[in-house]
$ cat protein-v2.txt   # compact mmCIF, C-alpha atoms and all ligand atoms
# COMPACT_ATOMS: atom_id res chain seq x y z
CA MET A 20 76.36 100.33 170.69
CA ASN A 21 75.70 100.72 166.97
CA LYS A 22 72.19 100.73 165.53
CA ILE A 23 70.86 98.79 162.57
CA CYS A 24 67.40 98.37 161.11
CA PHE A 25 65.83 95.12 160.03
CA PHE A 26 63.22 94.64 157.26
CA ASP A 27 60.63 91.88 156.78
CA THR A 28 60.84 90.84 160.44
CA LYS A 29 59.23 87.56 161.47
CA PRO A 30 58.94 86.36 165.09
CA TYR A 31 61.37 83.46 164.50
CA ASP A 32 64.07 85.89 163.20
CA LYS A 33 63.69 88.17 166.19
CA ILE A 34 64.30 85.40 168.75
CA PHE A 35 67.79 84.64 167.44
CA PHE A 36 68.85 88.24 166.71
CA GLU A 37 67.71 89.35 170.17
CA GLU A 38 69.76 86.53 171.74
CA LEU A 39 72.96 87.61 169.98
CA LYS A 40 72.73 91.43 169.79
CA GLU A 41 74.57 91.99 173.12
CA LYS A 42 77.50 89.88 171.95
CA TYR A 43 77.98 92.20 168.97
CA GLN A 44 77.02 95.43 170.79
CA ILE A 45 74.32 96.23 168.25
CA GLU A 46 70.85 97.69 168.78
CA ILE A 47 68.16 96.58 166.35
CA GLU A 48 65.05 98.42 165.13
CA TYR A 49 62.67 95.85 163.61
CA PHE A 50 60.34 96.74 160.72
CA GLU A 51 57.63 94.40 159.46
CA PRO A 52 57.44 95.56 155.80
CA LYS A 53 59.73 94.17 153.16
CA LEU A 54 62.51 96.43 151.91
CA GLY A 55 61.67 97.96 148.52
CA PRO A 56 61.31 101.29 146.72
CA LYS A 57 58.25 102.25 148.80
CA THR A 58 59.73 101.34 152.20
CA ALA A 59 63.42 102.24 151.80
CA PHE A 60 62.75 105.68 153.38
CA MET A 61 62.19 103.91 156.73
CA ALA A 62 65.93 103.24 156.94
CA LYS A 63 66.74 106.96 157.10
CA GLY A 64 69.63 107.52 159.50
CA TYR A 65 70.63 103.84 159.73
CA GLU A 66 74.08 103.14 158.34
CA ALA A 67 73.36 99.40 158.18
CA VAL A 68 70.18 97.69 156.97
CA VAL A 69 69.35 93.97 157.26
CA ALA A 70 67.36 92.49 154.35
CA PHE A 71 66.10 89.12 153.14
CA VAL A 72 65.41 86.98 150.04
CA ASN A 73 62.17 88.54 148.87
CA ASP A 74 63.09 92.19 149.45
CA ALA A 75 63.27 94.27 146.23
CA ILE A 76 66.78 95.71 146.38
CA ASP A 77 66.67 97.43 143.01
CA GLN A 78 68.24 100.67 141.82
CA GLU A 79 65.48 102.86 143.29
CA THR A 80 65.72 101.18 146.70
CA ILE A 81 69.50 101.47 146.73
CA ASP A 82 69.43 105.14 145.68
CA THR A 83 66.96 105.98 148.47
CA LEU A 84 69.02 104.09 151.05
CA TYR A 85 72.22 105.80 149.89
CA GLN A 86 70.70 109.28 149.90
CA ASN A 87 69.48 108.66 153.46
CA GLY A 88 72.87 107.60 154.81
CA THR A 89 72.88 103.79 154.49
CA LYS A 90 76.29 102.33 153.70
CA LEU A 91 75.71 98.61 154.30
CA ILE A 92 73.05 96.13 153.22
CA ALA A 93 73.45 92.95 155.26
CA MET A 94 71.58 90.13 153.53
CA ARG A 95 70.51 87.54 156.11
CA CYS A 96 70.57 84.80 153.44
CA ALA A 97 72.93 83.09 151.02
CA GLY A 98 71.29 83.92 147.67
CA TYR A 99 71.51 87.48 146.33
CA ASN A 100 69.65 87.41 143.02
CA ASN A 101 67.32 90.15 144.36
CA VAL A 102 70.13 92.72 144.70
CA ASP A 103 71.08 95.14 141.90
CA PHE A 104 74.83 94.95 142.50
CA LYS A 105 75.64 97.39 139.74
CA ALA A 106 73.46 100.02 141.38
CA ALA A 107 75.05 99.32 144.78
CA TYR A 108 78.67 99.46 143.61
CA ASP A 109 80.66 102.38 145.01
CA LYS A 110 77.67 103.41 147.15
CA VAL A 111 76.44 100.68 149.49
CA HIS A 112 78.40 97.59 150.55
CA VAL A 113 76.51 94.29 150.37
CA VAL A 114 77.33 91.38 152.69
CA ARG A 115 75.59 88.03 153.04
CA VAL A 116 75.60 84.75 154.96
CA PRO A 117 77.31 82.36 152.55
CA ALA A 118 76.50 79.22 154.58
CA TYR A 119 74.33 78.69 157.63
CA SER A 120 73.10 75.15 157.47
CA PRO A 121 73.33 73.27 154.21
CA TYR A 122 71.90 70.32 156.18
CA ALA A 123 68.64 72.21 156.77
CA VAL A 124 67.98 72.62 153.04
CA ALA A 125 69.21 69.17 151.98
CA GLU A 126 67.13 67.47 154.70
CA HIS A 127 64.05 69.48 153.69
CA ALA A 128 64.47 68.40 150.06
CA MET A 129 64.44 64.76 151.17
CA ALA A 130 61.52 65.40 153.55
CA LEU A 131 59.48 66.78 150.65
CA LEU A 132 60.31 63.79 148.46
CA LEU A 133 59.44 61.24 151.15
CA THR A 134 56.22 63.07 152.00
CA LEU A 135 55.05 63.30 148.40
CA ASN A 136 56.12 59.83 147.34
CA ARG A 137 54.68 58.03 150.38
CA LYS A 138 51.64 60.38 150.62
CA ILE A 139 52.35 61.10 154.28
CA HIS A 140 50.48 64.44 154.07
CA LYS A 141 47.37 62.64 152.87
CA ALA A 142 47.68 59.75 155.35
CA TYR A 143 48.04 62.21 158.24
CA VAL A 144 44.81 63.98 157.35
CA ARG A 145 42.99 60.69 156.76
CA THR A 146 43.85 58.98 160.05
CA ARG A 147 42.92 62.11 162.03
CA ASP A 148 39.48 61.60 160.53
CA PHE A 149 39.57 57.85 161.38
CA ASN A 150 39.80 57.05 157.66
CA PHE A 151 42.15 54.07 157.67
CA SER A 152 41.83 53.23 153.96
CA LEU A 153 45.07 52.83 151.99
CA ASN A 154 43.51 53.48 148.57
CA GLY A 155 45.54 56.00 146.60
CA LEU A 156 48.51 55.98 148.98
CA THR A 157 50.85 53.74 146.96
CA GLY A 158 54.40 55.10 146.59
CA PHE A 159 57.58 53.65 145.09
CA ASP A 160 60.87 52.41 146.59
CA LEU A 161 63.60 55.02 146.38
CA HIS A 162 66.16 52.22 146.58
CA GLY A 163 67.64 51.52 143.14
CA LYS A 164 66.10 54.60 141.46
CA THR A 165 68.28 57.28 139.82
CA MET A 166 68.52 60.69 141.44
CA GLY A 167 69.83 63.53 139.26
CA VAL A 168 71.35 66.37 141.29
CA ILE A 169 71.86 69.73 139.54
CA GLY A 170 74.50 71.73 141.41
CA THR A 171 77.02 69.98 143.63
CA GLY A 172 77.90 72.81 146.01
CA LYS A 173 77.45 72.71 149.78
CA ILE A 174 73.76 71.71 149.76
CA GLY A 175 73.93 69.47 146.70
CA ARG A 176 76.75 67.39 148.17
CA ILE A 177 74.93 66.83 151.46
CA PHE A 178 71.81 65.91 149.53
CA ILE A 179 73.87 63.39 147.54
CA ASP A 180 75.08 61.76 150.79
CA ILE A 181 71.50 61.55 152.07
CA CYS A 182 70.39 59.96 148.78
CA LYS A 183 73.17 57.40 148.93
CA GLY A 184 71.88 56.38 152.37
CA PHE A 185 68.57 55.51 150.73
CA GLY A 186 70.29 53.33 148.11
CA LEU A 187 69.58 55.76 145.27
CA ASN A 188 71.98 55.80 142.30
CA VAL A 189 73.14 59.39 142.11
CA ILE A 190 74.24 61.24 138.99
CA ALA A 191 75.01 64.96 138.92
CA TYR A 192 75.48 67.95 136.65
CA ASP A 193 77.57 70.99 137.55
CA PRO A 194 79.56 73.17 135.12
CA TYR A 195 82.27 73.27 137.81
CA PRO A 196 82.56 69.61 138.85
CA ILE A 197 84.55 68.77 141.97
CA PRO A 198 87.46 66.49 141.08
CA ASP A 199 87.87 63.25 143.07
CA ALA A 200 84.64 63.76 145.04
CA GLY A 201 83.27 60.35 144.07
CA ILE A 202 80.39 62.02 142.21
CA SER A 203 79.24 60.60 138.85
CA TYR A 204 79.00 63.70 136.67
CA VAL A 205 77.03 63.63 133.41
CA THR A 206 75.83 66.33 131.02
CA LEU A 207 72.58 68.13 131.77
CA GLU A 208 70.99 66.31 128.85
CA GLU A 209 72.07 62.88 130.15
CA LEU A 210 70.89 63.79 133.64
CA CYS A 211 67.45 64.70 132.27
CA LYS A 212 67.25 61.47 130.28
CA GLN A 213 68.42 59.06 133.02
CA SER A 214 66.89 60.43 136.23
CA ASP A 215 63.75 59.17 137.96
CA ILE A 216 63.95 62.17 140.31
CA ILE A 217 65.72 65.50 139.72
CA SER A 218 66.70 67.87 142.52
CA LEU A 219 67.91 71.44 141.94
CA HIS A 220 70.74 72.80 144.09
CA CYS A 221 72.26 75.52 141.89
CA PRO A 222 71.99 79.32 142.22
CA LEU A 223 69.70 81.47 140.09
CA THR A 224 71.80 83.22 137.46
CA LYS A 225 71.16 84.29 133.89
CA ASP A 226 72.46 80.83 132.84
CA THR A 227 70.14 78.90 135.16
CA PHE A 228 66.97 80.99 134.64
CA HIS A 229 64.26 78.52 133.51
CA LEU A 230 66.79 75.67 133.44
CA ILE A 231 63.76 73.41 133.76
CA ASP A 232 61.41 74.28 130.92
CA GLN A 233 59.47 72.56 128.17
CA LYS A 234 62.74 71.74 126.36
CA THR A 235 64.53 70.06 129.28
CA ILE A 236 61.30 68.43 130.51
CA SER A 237 60.83 66.86 127.05
CA LEU A 238 64.12 64.98 127.58
CA MET A 239 62.97 63.52 130.92
CA LYS A 240 61.43 60.12 131.68
CA LYS A 241 57.65 60.02 131.86
CA GLY A 242 56.63 60.27 135.50
CA VAL A 243 59.83 62.03 136.66
CA TYR A 244 59.71 63.78 140.06
CA ILE A 245 61.18 67.29 140.30
CA ILE A 246 62.39 68.84 143.57
CA ASN A 247 63.17 72.56 143.77
CA THR A 248 64.49 73.93 147.05
CA SER A 249 66.80 76.49 145.38
CA ARG A 250 65.13 79.41 143.60
CA GLY A 251 61.72 79.53 141.93
CA ALA A 252 62.85 80.93 138.60
CA LEU A 253 65.05 77.90 137.93
CA VAL A 254 61.77 76.33 136.79
CA ASN A 255 59.41 77.73 134.17
CA SER A 256 56.22 77.32 136.19
CA GLU A 257 53.85 77.35 133.24
CA ASP A 258 55.85 74.59 131.53
CA LEU A 259 55.86 72.61 134.79
CA MET A 260 52.09 73.02 135.12
CA GLU A 261 51.56 71.74 131.56
CA ALA A 262 53.91 68.80 132.18
CA LEU A 263 52.04 67.91 135.38
CA LYS A 264 48.72 68.12 133.53
CA SER A 265 49.98 65.81 130.76
CA GLU A 266 51.50 63.48 133.43
CA LYS A 267 54.95 63.78 131.86
CA VAL A 268 56.05 64.98 135.30
CA GLY A 269 54.77 62.58 137.95
CA GLY A 270 55.35 64.74 140.99
CA ALA A 271 56.76 68.10 142.06
CA CYS A 272 58.18 69.13 145.44
CA LEU A 273 58.52 72.90 145.53
CA ASP A 274 59.88 75.01 148.35
CA VAL A 275 60.29 78.00 146.05
CA TYR A 276 58.21 79.54 143.29
CA GLU A 277 59.20 82.12 140.71
CA GLU A 278 56.45 84.56 141.65
CA GLU A 279 56.67 83.90 145.40
CA THR A 280 57.66 87.44 146.48
CA GLU A 281 54.18 88.78 147.28
CA LEU A 282 52.86 85.48 148.67
CA PHE A 283 55.38 83.38 150.54
CA TYR A 284 55.91 84.08 154.26
CA GLU A 285 52.44 85.69 154.47
CA ASP A 286 49.08 84.30 155.58
CA MET A 287 47.06 84.53 152.37
CA SER A 288 44.35 82.14 153.51
CA TYR A 289 41.66 84.86 153.41
CA SER A 290 42.79 86.29 150.07
CA ILE A 291 41.94 85.51 146.49
CA ILE A 292 45.08 84.18 144.83
CA HIS A 293 45.47 85.92 141.48
CA ASP A 294 48.32 83.71 140.32
CA ASP A 295 46.45 81.05 138.34
CA VAL A 296 49.55 78.98 137.67
CA LEU A 297 50.38 78.67 141.37
CA ALA A 298 46.74 77.99 142.25
CA ARG A 299 46.54 75.23 139.62
CA ILE A 300 49.87 73.69 140.64
CA ILE A 301 48.95 73.68 144.34
CA SER A 302 45.61 72.04 143.53
CA MET A 303 47.28 68.95 142.08
CA PRO A 304 47.44 65.82 144.23
CA ASN A 305 51.00 65.04 143.15
CA VAL A 306 52.44 68.41 144.16
CA ILE A 307 53.64 69.54 147.55
CA VAL A 308 54.51 73.19 148.12
CA THR A 309 56.22 74.67 151.17
CA SER A 310 56.71 78.38 151.59
CA HIS A 311 60.50 78.80 151.20
CA GLN A 312 61.04 77.11 154.55
CA ALA A 313 63.89 74.73 153.71
CA PHE A 314 66.32 76.85 155.74
CA LEU A 315 64.08 76.98 158.81
CA THR A 316 65.92 75.10 161.56
CA LYS A 317 67.12 76.41 164.92
CA GLU A 318 70.72 75.84 163.90
CA ALA A 319 70.31 77.75 160.63
CA LEU A 320 68.50 80.69 162.31
CA HIS A 321 71.21 80.90 164.97
CA ASN A 322 73.99 80.87 162.35
CA ILE A 323 72.17 83.45 160.19
CA ALA A 324 71.87 85.84 163.15
CA ASP A 325 75.47 85.24 164.24
CA THR A 326 77.02 85.83 160.79
CA THR A 327 74.76 88.79 159.96
CA LEU A 328 75.62 90.59 163.21
CA SER A 329 79.31 89.72 162.79
CA ASN A 330 79.13 91.19 159.24
CA CYS A 331 77.63 94.39 160.68
CA ARG A 332 80.25 94.57 163.47
CA GLU A 333 83.08 94.28 160.89
CA PHE A 334 81.48 97.17 159.00
CA PHE A 335 81.18 99.41 162.08
CA ASP A 336 84.77 98.58 163.14
CA ASP A 337 86.14 99.48 159.67
CA LEU A 338 87.46 95.96 159.19
CA PRO A 339 87.61 94.09 155.86
CA LEU A 340 84.18 92.66 155.14
CA THR A 341 84.63 88.88 155.15
CA ASN A 342 81.34 88.14 153.41
CA GLU A 343 81.14 91.11 151.06
CA ILE A 344 80.02 90.56 147.50
CA CYS A 345 79.84 93.03 144.63
CA TYR A 346 79.00 92.81 140.94
CA GLN A 347 82.66 92.40 140.09
CA CYS A 348 83.55 89.63 142.54
CA SER A 349 80.19 87.87 142.00
CA LYS A 350 81.30 87.43 138.37
CA GLY A 351 84.79 86.33 139.44
CA ASP A 352 86.32 89.52 137.95
CA ASN A 353 88.98 91.69 139.51
CA CYS A 354 87.86 93.11 142.80
CA HIS A 355 89.77 95.12 145.42
CA ARG A 356 88.69 92.64 148.09
CA LYS A 357 91.24 90.20 146.74
CA LYS A 358 93.82 92.48 148.38
CA ASN A 359 92.10 91.93 151.74
CA ASN A 360 90.22 95.19 151.41
CA ARG A 361 86.59 96.06 150.95
CA CYS A 362 85.13 95.78 147.44
CA PHE A 363 85.36 99.57 146.96
P1 LIG B 1 76.89 76.66 146.53
O1 LIG B 1 77.38 77.95 145.97
O2 LIG B 1 77.70 75.96 147.57
O3 LIG B 1 76.67 75.62 145.32
C1 LIG B 1 76.03 75.95 144.11
C2 LIG B 1 76.53 74.98 143.06
O4 LIG B 1 75.81 75.24 141.85
C3 LIG B 1 78.03 75.15 142.72
O5 LIG B 1 78.69 73.90 142.77
C4 LIG B 1 78.01 75.71 141.31
O6 LIG B 1 79.13 75.30 140.55
C5 LIG B 1 76.72 75.12 140.78
N1 LIG B 1 76.25 75.78 139.58
C6 LIG B 1 76.48 77.05 139.15
N2 LIG B 1 75.91 77.24 137.95
C7 LIG B 1 75.30 76.07 137.62
C8 LIG B 1 74.57 75.63 136.49
N3 LIG B 1 74.37 76.44 135.42
N4 LIG B 1 74.09 74.37 136.48
C9 LIG B 1 74.31 73.53 137.52
N5 LIG B 1 75.03 73.88 138.61
C10 LIG B 1 75.50 75.14 138.66
O7 LIG B 1 75.43 76.95 147.03
P2 LIG B 1 74.59 76.14 148.14
O8 LIG B 1 74.87 76.68 149.47
O9 LIG B 1 74.73 74.69 147.88
O10 LIG B 1 73.09 76.62 147.76
C11 LIG B 1 72.47 76.24 146.54
C12 LIG B 1 71.23 77.09 146.37
O11 LIG B 1 70.28 76.74 147.37
C13 LIG B 1 71.43 78.60 146.59
O12 LIG B 1 71.90 79.24 145.42
C14 LIG B 1 70.08 79.07 146.95
O13 LIG B 1 69.41 79.49 145.78
C15 LIG B 1 69.39 77.84 147.52
N6 LIG B 1 69.02 77.97 148.93
C16 LIG B 1 67.71 77.78 149.27
C17 LIG B 1 67.30 77.89 150.59
C18 LIG B 1 65.88 77.64 150.99
O14 LIG B 1 65.52 77.95 152.14
N7 LIG B 1 65.05 77.10 150.14
C19 LIG B 1 68.26 78.26 151.63
C20 LIG B 1 69.62 78.36 151.17
C21 LIG B 1 69.98 78.25 149.87

$ encode --input "protein-v2.txt" --output "C-alpha cells"
Amino acid sequence: MNKICFFDTKPYDKIFFEELKEKYQIEIEYFEPKLGPKTAFMAKGYEAVVAFVNDAIDQETIDTLYQNGTKLIAMRCAGYNNVDFKAAYDKVHVVRVPAYSPYAVAEHAMALLLTLNRKIHKAYVRTRDFNFSLNGLTGFDLHGKTMGVIGTGKIGRIFIDICKGFGLNVIAYDPYPIPDAGISYVTLEELCKQSDIISLHCPLTKDTFHLIDQKTISLMKKGVYIINTSRGALVNSEDLMEALKSEKVGGACLDVYEEETELFYEDMSYSIIHDDVLARIISMPNVIVTSHQAFLTKEALHNIADTTLSNCREFFDDLPLTNEICYQCSKGDNCHRKKNNRCF
C-alpha cells in the first residue's frame, strides 16, 4: 500500500476514491482545506498529493511540497491553469485527468441554456407557490438560430452535436481546426458577428484570457446569449456586467467565474459577498450561475478517481507517467516524455 494525501475534499469525491482505492493499493488521507501556500505543510511526508481546480499551486506551494518530500502532484481535473509549471519543473511531477466525461460538461452547457431561455428556474419556483401565471416566461426557439462555438476539442465537438439535434446552425472558431469534421469554421470576428448564442469550450491560456471583453462584445448581435462552462477568466466579468446592464448581452449562463476561487464549492449563504461584480451579475434575471458543477456526473467522478489513482500507481511503480504535463510539453516544446520517459 502506498499513501497519498488529498486536498479540498468534498463528500462526492470521497465516495468514488474510496470505491477504487483497493484496486490501486493506495491509502488516502483526506484534507478539507484547499492546497495553497498556507496549507502545503500538511502534505509533509506524502510523496503524492491530489489537488483540484481552485487550489493555488504557485511557486511557494510547490517549494514547500518539494522541501517536505512530495514528488507528484496529481490534478484530479483536466485544466491546469492554476499550476506554476516552471516552478514544478525538475522538482515535482504534475499529472492530470485529460478527459473524464466531455458529455457531462457539454450537456450542462445545454442545460443552462435551456433553463435560462425557457425560464425553467423561475417557473419551478412559481408553480411550487401555486403561481401559474406565464407572464415574463417567454423564451425563443433554438431551432434556426446560430450557435457560435469557441473551441472544438472534446467538449466543444459534443456540444456541437447536441446543438445540431436542436436544429441550431452551428459555426465555430478554433485556431487549430479539425479537417473534414463537418464543422463550419469562421474567424473569431465572424463568429461574434453572426451568432445568436456563443458557447466557450477552449482552455484558459495567455491567448484566451479575457477573450470575451468589451471589444469582442461590441462585435456581437444585440441580445446575444453567452455560455461559459470553461474557465472564468475567458470572460472579462466587468465588461460582461456592463453589457448585461446595457442589454447588449441578452443572457449569460455561467458555470465558472474569474474570481471563483474563494467562493465556489463553499456555502457562502451566511456571508457578505464582497465581490460586487459577481453579486450584481447574479442579481440579474437573465443570468444563471452554477458553481463550477458542469463536470459533476457519476460517470465523470468515477473516471476522475480511476485515472487519478492510476496516475499515482504509475508514479509509485516507477512507470512512465501517461498523463504527465510540464511547462515544456504544455507549450508543445521538446520534452523527454516524447521518448516514453517522464518529463524530467
Ligand atoms: P480540449 O483540449 O479537448 O479542447 C480545447 C480546444 O480549444 C482545442 O480544440 C483547442 O485547439 C482550442 N483552443 C485553443 N486555443 C484556443 C483559442 N485561442 N481560441 C479558440 N479555441 C482554442 O479540451 P476539452 O476537454 O474540450 O475542455 C475544454 C475546456 O473545458 C477545458 O480547457 C476546461 O477549461 C473546461 N472544463 C470545464 C469543466 C467544468 O466543470 N466546468 C470540466 C472540464 C473542462

$ axis_aligned_box --input "protein-v2.txt" --around "ligand LIG 1 (chain B)" --padding-each-side "6 Å" --output "JSON"
{"center_x": 72.1, "center_y": 76.5, "center_z": 143.8, "size_x": 26.1, "size_y": 18.0, "size_z": 28.7}

$ residues_near_ligand --input "protein-v2.txt" --ligand "ligand LIG 1 (chain B)" --cutoff "9 Å" --atoms "all atoms listed in the file" --output "PyMOL selection string"
chain A and resi 96-100+117-121+123-125+127-128+168-177+191-197+207+219-228+230+247-251+274-275+310-315

$ write_last_selection --input "protein-v2.txt" --atoms "C-alpha atoms" --output "JSON list (two decimals), in the coordinates of the input"
[["chain", "number", "residue", "atom", "x", "y", "z"],
["A", 96, "CYS", "CA", 70.57, 84.80, 153.44],
["A", 97, "ALA", "CA", 72.93, 83.09, 151.02],
["A", 98, "GLY", "CA", 71.29, 83.92, 147.67],
["A", 99, "TYR", "CA", 71.51, 87.48, 146.33],
["A", 100, "ASN", "CA", 69.65, 87.41, 143.02],
["A", 117, "PRO", "CA", 77.31, 82.36, 152.55],
["A", 118, "ALA", "CA", 76.50, 79.22, 154.58],
["A", 119, "TYR", "CA", 74.33, 78.69, 157.63],
["A", 120, "SER", "CA", 73.10, 75.15, 157.47],
["A", 121, "PRO", "CA", 73.33, 73.27, 154.21],
["A", 123, "ALA", "CA", 68.64, 72.21, 156.77],
["A", 124, "VAL", "CA", 67.98, 72.62, 153.04],
["A", 125, "ALA", "CA", 69.21, 69.17, 151.98],
["A", 127, "HIS", "CA", 64.05, 69.48, 153.69],
["A", 128, "ALA", "CA", 64.47, 68.40, 150.06],
["A", 168, "VAL", "CA", 71.35, 66.37, 141.29],
["A", 169, "ILE", "CA", 71.86, 69.73, 139.54],
["A", 170, "GLY", "CA", 74.50, 71.73, 141.41],
["A", 171, "THR", "CA", 77.02, 69.98, 143.63],
["A", 172, "GLY", "CA", 77.90, 72.81, 146.01],
["A", 173, "LYS", "CA", 77.45, 72.71, 149.78],
["A", 174, "ILE", "CA", 73.76, 71.71, 149.76],
["A", 175, "GLY", "CA", 73.93, 69.47, 146.70],
["A", 176, "ARG", "CA", 76.75, 67.39, 148.17],
["A", 177, "ILE", "CA", 74.93, 66.83, 151.46],
["A", 191, "ALA", "CA", 75.01, 64.96, 138.92],
["A", 192, "TYR", "CA", 75.48, 67.95, 136.65],
["A", 193, "ASP", "CA", 77.57, 70.99, 137.55],
["A", 194, "PRO", "CA", 79.56, 73.17, 135.12],
["A", 195, "TYR", "CA", 82.27, 73.27, 137.81],
["A", 196, "PRO", "CA", 82.56, 69.61, 138.85],
["A", 197, "ILE", "CA", 84.55, 68.77, 141.97],
["A", 207, "LEU", "CA", 72.58, 68.13, 131.77],
["A", 219, "LEU", "CA", 67.91, 71.44, 141.94],
["A", 220, "HIS", "CA", 70.74, 72.80, 144.09],
["A", 221, "CYS", "CA", 72.26, 75.52, 141.89],
["A", 222, "PRO", "CA", 71.99, 79.32, 142.22],
["A", 223, "LEU", "CA", 69.70, 81.47, 140.09],
["A", 224, "THR", "CA", 71.80, 83.22, 137.46],
["A", 225, "LYS", "CA", 71.16, 84.29, 133.89],
["A", 226, "ASP", "CA", 72.46, 80.83, 132.84],
["A", 227, "THR", "CA", 70.14, 78.90, 135.16],
["A", 228, "PHE", "CA", 66.97, 80.99, 134.64],
["A", 230, "LEU", "CA", 66.79, 75.67, 133.44],
["A", 247, "ASN", "CA", 63.17, 72.56, 143.77],
["A", 248, "THR", "CA", 64.49, 73.93, 147.05],
["A", 249, "SER", "CA", 66.80, 76.49, 145.38],
["A", 250, "ARG", "CA", 65.13, 79.41, 143.60],
["A", 251, "GLY", "CA", 61.72, 79.53, 141.93],
["A", 274, "ASP", "CA", 59.88, 75.01, 148.35],
["A", 275, "VAL", "CA", 60.29, 78.00, 146.05],
["A", 310, "SER", "CA", 56.71, 78.38, 151.59],
["A", 311, "HIS", "CA", 60.50, 78.80, 151.20],
["A", 312, "GLN", "CA", 61.04, 77.11, 154.55],
["A", 313, "ALA", "CA", 63.89, 74.73, 153.71],
["A", 314, "PHE", "CA", 66.32, 76.85, 155.74],
["A", 315, "LEU", "CA", 64.08, 76.98, 158.81]]

$ closest_residue --input "protein-v2.txt" --among "A:Ile181, A:Val114, A:Ala75, A:Met61" --to "Leu328 in chain A" --atoms "all atoms listed in the file"
A:Val114

$ closest_residue --input "protein-v2.txt" --among "A:Met94, A:Glu66, A:Cys24, A:Cys354" --to "Asn330 in chain A" --atoms "all atoms listed in the file"
A:Met94

$ residues_near_point --input "protein-v2.txt" --point "(79.8, 104.0, 143.4)" --cutoff "12 Å" --atoms "only C-alpha atoms" --output "list in words"
Ile81, Asp82, Tyr85, Lys90, Phe104, Lys105, Ala106, Ala107, Tyr108, Asp109, Lys110, Val111, His112, Cys345, Tyr346, Cys362 and Phe363 of chain A

$ decode --input "protein-v2.txt" --residues "range 93-109 of chain A" --atoms "N, CA and C atoms" --output "CSV table (one decimal), in the first residue's frame"
chain,number,residue,atom,x,y,z
A,93,ALA,N,-1.0,15.2,-8.3
A,93,ALA,CA,-1.9,14.6,-9.2
A,93,ALA,C,-3.2,15.5,-9.3
A,94,MET,N,-3.3,16.2,-10.4
A,94,MET,CA,-4.5,17.0,-10.5
A,94,MET,C,-5.7,16.1,-10.8
A,95,ARG,N,-6.8,16.3,-10.1
A,95,ARG,CA,-8.0,15.5,-10.4
A,95,ARG,C,-8.9,16.3,-11.3
A,96,CYS,N,-8.4,16.9,-12.3
A,96,CYS,CA,-9.1,17.7,-13.3
A,96,CYS,C,-8.4,17.7,-14.6
A,97,ALA,N,-9.0,18.3,-15.6
A,97,ALA,CA,-8.4,18.4,-16.9
A,97,ALA,C,-7.5,19.7,-17.0
A,98,GLY,N,-8.1,20.8,-16.6
A,98,GLY,CA,-7.4,22.1,-16.7
A,98,GLY,C,-6.3,22.2,-15.7
A,99,TYR,N,-5.3,23.0,-16.0
A,99,TYR,CA,-4.1,23.1,-15.2
A,99,TYR,C,-3.6,24.6,-15.1
A,100,ASN,N,-4.5,25.5,-15.4
A,100,ASN,CA,-4.0,26.9,-15.4
A,100,ASN,C,-3.6,27.4,-14.0
A,101,ASN,N,-4.0,26.7,-12.9
A,101,ASN,CA,-3.6,27.1,-11.6
A,101,ASN,C,-2.3,26.5,-11.1
A,102,VAL,N,-1.5,25.8,-12.0
A,102,VAL,CA,-0.2,25.2,-11.6
A,102,VAL,C,0.9,26.1,-12.2
A,103,ASP,N,1.9,26.4,-11.4
A,103,ASP,CA,3.1,27.1,-11.9
A,103,ASP,C,4.1,26.0,-12.4
A,104,PHE,N,4.0,25.6,-13.6
A,104,PHE,CA,4.7,24.5,-14.2
A,104,PHE,C,6.2,24.8,-14.1
A,105,LYS,N,6.6,26.1,-14.3
A,105,LYS,CA,8.0,26.4,-14.3
A,105,LYS,C,8.6,26.1,-12.9
A,106,ALA,N,7.8,26.5,-11.9
A,106,ALA,CA,8.3,26.2,-10.5
A,106,ALA,C,8.4,24.7,-10.2
A,107,ALA,N,7.5,23.9,-10.9
A,107,ALA,CA,7.5,22.5,-10.6
A,107,ALA,C,8.5,21.7,-11.4
A,108,TYR,N,9.0,22.3,-12.5
A,108,TYR,CA,9.9,21.5,-13.3
A,108,TYR,C,11.2,21.1,-12.6
A,109,ASP,N,11.5,19.8,-12.8
A,109,ASP,CA,12.7,19.3,-12.2
A,109,ASP,C,12.6,19.0,-10.7
